[in-house]
Amino acid sequence: GPDPIGSSGFHRTVLKNGSPYCYMKVCLVLQDQETRLNAVELKSLIITGLKDLHGEVGAALPFDVLKFDEGSLTAVLRVCSGGLVKLWSSLTLQGYYQSQACAFRVLQVSRFNL
Amino acid sequence: MCSDLDRTPRTLLVCDRSSFLDEKNRVSPQVEKLHFNHKVSVLLPGCSVTPSNLDLVMNTFSSFYLIKKLPVHELLDPGLQGAINQGVVYGLSFGTRIDEDTCVALMPKGRLVLSLDKDSYELLGVEGKPSRFNHRTCSRFVVSVDLTDSSMAPGGRGHTRLLTGLRSHLQLQTDFLLSHHPEGGASLQPLLSRYDWSKHEPEVSCRHLTDLTCPDFRSCDCHSLLEWIGAVEADISCESSSSSFLSSFTCPEPNDVLSHALSVSICGLLLPHDVQRLIQELRCHLQQTQLESWASLTVHGFIDSPVSWGDNEHGVLSGGENFYNLLMFPDHTYHLHLATGAYDTCPP
């Protein structure tokens, strides 16, 4: 367990690939730039994309919309590390929102939220 | 096929726990080695306004210059040699992507690092090494030159070769961020007078937070801790319940609610010695506050810098992380987390 604060000495731990999650900053670009959607609609859209590409198992992949800015349609997503490739691939191939063309731009991907 | 889908970008996280009073602690050299910092964030519990000593330090970070279309051979100019030999000049190419463009870093010990694609490297004609971040083919190279070496004195063989390469063969030109310790300012003036430049002050922004749910740092694992700090800095809510549709992210348990906290961020080309000053002031602040207090400092390196800690090569892979978080306590103990990508060298 962790050492109590105040104990003397120097302790170093090196963790490789220890982070359980991956974080993605993405931006949704829509054909009609006036269209707006809320966080729930965004999450539903991503789930649809996961189902289209990876089937029912893909659609069950848990991910979190940590933050969503409705003005710029930019979101921060969190997914378990093993699910990154599935999520990223379905975002890449997501071509339509309702009846208009759309694209997800992946702005940043990291194993750390910072 | 299934195992390929599970692959994730690899990272390295170093967790140090020690005390500033312990002779083995290395916080100061570790801070000094991350030469190029673009953002410093501070999280202070129990504050609704920035304490005056901290406010002074945060608003007196060194200013820096942005030079447009600087021909890189100008960094070999004899007029700059004095400042470079003194170790007071820091520089980084601006708007260049480490995996696609040529990136340049001028480190305070006088080392010039160029990260080049294969064609540019061959045109330059100076010996370098293949990048550690090459994927299948050898498509990127790193040239690292010690400008304080005797062969790099003006007129020396190495100097002439590099100058010819940068000026005539490759004709390398890039937007460039330049900063200096206070004593180096005068020797930059001749260089600045020849090009289009602007001076910038680091941008400081403050947020006052109320009713912030905060984990117990003694029992929190390091990944959850860093995730929580990142959430606070990115203004991500920890309030959703774990059964919410949108997000199951919650503050790690056990936790407590802080009635007030202050989140400050400083952005620009930030120098290690200003970060050192800030750490000293944060430690002073903690001595004057309650026993259960703490202060969090996060320092981010540039994603597109060709070097991370020291003169070790840095690449982006998919994240480009090179940052550290220093969590300090009133009894002089600290937790230091240093993170970097898988192919980067382990932080010091």
# chains A, B, ... in the order shown; residues from 1 in each chain; ligands from 1
call {"tool": "interface_residues", "arguments": {"of": "chain B", "to": "chain A", "cutoff": "9 Å", "atoms": "only C-alpha atoms", "output": "number ranges by chain"}}
result
B: 4-19, 21-25, 218-221, 223-224, 226-231, 233-238, 245-249, 298, 300, 318-321, 323, 329, 331-334, 339, 342, 346
call {"tool": "select_by_dssp", "arguments": {"residues": "chain A", "states": "strand (DSSP E)", "output": "ChimeraX atom specification"}}
result
/A:11-16,21-30,63-69,74-80,96-97,100-110
call {"tool": "residues_around", "arguments": {"residues": "B:Ser193", "least_positions_apart": "6", "cutoff": "12 Å", "atoms": "only C-alpha atoms", "output": "list of chain:residue names"}}
result
B:Ile67, B:Leu70, B:Ala186, B:Ser187
call {"tool": "write_last_selection", "arguments": {"atoms": "N, CA and C atoms", "output": "PDB file, in the first residue's frame"}}
result
ATOM      1  N   ILE B  67       9.780  34.809 -33.531  1.00  0.00           N
ATOM      2  CA  ILE B  67      10.404  35.361 -34.740  1.00  0.00           C
ATOM      3  C   ILE B  67       9.823  34.628 -35.933  1.00  0.00           C
ATOM      4  N   LEU B  70      12.480  32.623 -39.351  1.00  0.00           N
ATOM      5  CA  LEU B  70      13.886  32.777 -39.012  1.00  0.00           C
ATOM      6  C   LEU B  70      14.717  31.767 -39.796  1.00  0.00           C
ATOM      7  N   ALA B 186      20.505  41.248 -24.130  1.00  0.00           N
ATOM      8  CA  ALA B 186      21.197  42.198 -25.012  1.00  0.00           C
ATOM      9  C   ALA B 186      21.746  41.517 -26.265  1.00  0.00           C
ATOM     10  N   SER B 187      22.262  40.301 -26.126  1.00  0.00           N
ATOM     11  CA  SER B 187      22.884  39.663 -27.300  1.00  0.00           C
ATOM     12  C   SER B 187      21.864  39.172 -28.317  1.00  0.00           C
TER      13      SER B 187
END
call {"tool": "atom_distance", "arguments": {"atom1": "atom CA of B:Tyr324", "atom2": "atom CA of B:Leu34"}}
result
9.4 Å
call {"tool": "atom_distance", "arguments": {"atom1": "atom CA of B:Cys222", "atom2": "atom CA of B:Glu239"}}
result
20.4 Å
call {"tool": "select_by_dssp", "arguments": {"residues": "stretch 261-336 of chain B", "states": "alpha helix (DSSP H)", "output": "number ranges by chain"}}
result
B: 272-287
call {"tool": "write_last_selection", "arguments": {"atoms": "N, CA and C atoms", "output": "mmCIF file, in the first residue's frame"}}
result
data_model
loop_
_atom_site.group_PDB
_atom_site.id
_atom_site.type_symbol
_atom_site.label_atom_id
_atom_site.label_comp_id
_atom_site.auth_asym_id
_atom_site.auth_seq_id
_atom_site.Cartn_x
_atom_site.Cartn_y
_atom_site.Cartn_z
ATOM 1 N N PRO B 272 12.544 26.685 -17.041
ATOM 2 C CA PRO B 272 12.644 25.932 -15.790
ATOM 3 C C PRO B 272 12.945 26.797 -14.570
ATOM 4 N N HIS B 273 13.759 27.857 -14.723
ATOM 5 C CA HIS B 273 14.109 28.603 -13.508
ATOM 6 C C HIS B 273 12.902 29.361 -12.967
ATOM 7 N N ASP B 274 11.944 29.724 -13.840
ATOM 8 C CA ASP B 274 10.703 30.345 -13.345
ATOM 9 C C ASP B 274 9.841 29.304 -12.631
ATOM 10 N N VAL B 275 9.866 28.063 -13.130
ATOM 11 C CA VAL B 275 9.122 26.981 -12.460
ATOM 12 C C VAL B 275 9.726 26.719 -11.078
ATOM 13 N N GLN B 276 11.059 26.769 -10.993
ATOM 14 C CA GLN B 276 11.733 26.573 -9.691
ATOM 15 C C GLN B 276 11.285 27.639 -8.691
ATOM 16 N N ARG B 277 11.237 28.903 -9.155
ATOM 17 C CA ARG B 277 10.799 30.000 -8.278
ATOM 18 C C ARG B 277 9.378 29.749 -7.792
ATOM 19 N N LEU B 278 8.524 29.273 -8.692
ATOM 20 C CA LEU B 278 7.130 29.018 -8.324
ATOM 21 C C LEU B 278 7.044 27.906 -7.289
ATOM 22 N N ILE B 279 7.862 26.865 -7.454
ATOM 23 C CA ILE B 279 7.860 25.765 -6.481
ATOM 24 C C ILE B 279 8.274 26.285 -5.105
ATOM 25 N N GLN B 280 9.304 27.137 -5.065
ATOM 26 C CA GLN B 280 9.752 27.702 -3.779
ATOM 27 C C GLN B 280 8.629 28.488 -3.111
ATOM 28 N N GLU B 281 7.928 29.306 -3.889
ATOM 29 C CA GLU B 281 6.845 30.110 -3.321
ATOM 30 C C GLU B 281 5.673 29.231 -2.880
ATOM 31 N N LEU B 282 5.392 28.174 -3.619
ATOM 32 C CA LEU B 282 4.316 27.263 -3.217
ATOM 33 C C LEU B 282 4.684 26.587 -1.894
ATOM 34 N N ARG B 283 5.950 26.233 -1.748
ATOM 35 C CA ARG B 283 6.388 25.613 -0.485
ATOM 36 C C ARG B 283 6.245 26.607 0.669
ATOM 37 N N CYS B 284 6.605 27.882 0.426
ATOM 38 C CA CYS B 284 6.427 28.920 1.468
ATOM 39 C C CYS B 284 4.963 29.063 1.833
ATOM 40 N N HIS B 285 4.121 29.073 0.816
ATOM 41 C CA HIS B 285 2.678 29.211 1.041
ATOM 42 C C HIS B 285 2.175 28.069 1.915
ATOM 43 N N LEU B 286 2.643 26.852 1.650
ATOM 44 C CA LEU B 286 2.179 25.691 2.410
ATOM 45 C C LEU B 286 2.608 25.771 3.874
ATOM 46 N N GLN B 287 3.761 26.392 4.133
ATOM 47 C CA GLN B 287 4.209 26.505 5.523
ATOM 48 C C GLN B 287 3.263 27.377 6.336
#
call {"tool": "closest_residue", "arguments": {"among": "B:Leu44, B:Asn322, B:Gln171, B:His35", "to": "B:Leu258", "atoms": "only C-alpha atoms"}}
result
B:Leu44
call {"tool": "residues_around", "arguments": {"residues": "B:Ser308", "least_positions_apart": "2", "cutoff": "10 Å", "atoms": "only C-alpha atoms", "output": "NGL selection string"}}
result
:B and (33-37 or 301-306 or 310-315 or 320-323 or 340 or 344-347)
call {"tool": "atom_distance", "arguments": {"atom1": "atom CA of B:Arg207", "atom2": "atom CA of B:Leu326"}}
result
19.6 Å
call {"tool": "closest_atom_pairs", "arguments": {"of": "stretch 210-297 of chain B", "to": "stretch 86-95 of chain B", "cutoff": "10 Å", "atoms": "only C-alpha atoms", "output": "tab-separated table"}}
result
residue	atom	partner	partner_atom	distance
B:Leu269	CA	B:Leu92	CA	8.7
B:Leu270	CA	B:Tyr90	CA	9.7
B:Leu271	CA	B:Tyr90	CA	8.1
call {"tool": "write_last_selection", "arguments": {"atoms": "C-alpha atoms", "output": "mmCIF file, in the first residue's frame"}}
result
data_model
loop_
_atom_site.group_PDB
_atom_site.id
_atom_site.type_symbol
_atom_site.label_atom_id
_atom_site.label_comp_id
_atom_site.auth_asym_id
_atom_site.auth_seq_id
_atom_site.Cartn_x
_atom_site.Cartn_y
_atom_site.Cartn_z
ATOM 1 C CA LEU B 269 7.447 29.352 -23.625
ATOM 2 C CA LEU B 270 8.168 28.890 -19.919
ATOM 3 C CA LEU B 271 11.631 28.439 -18.481
#
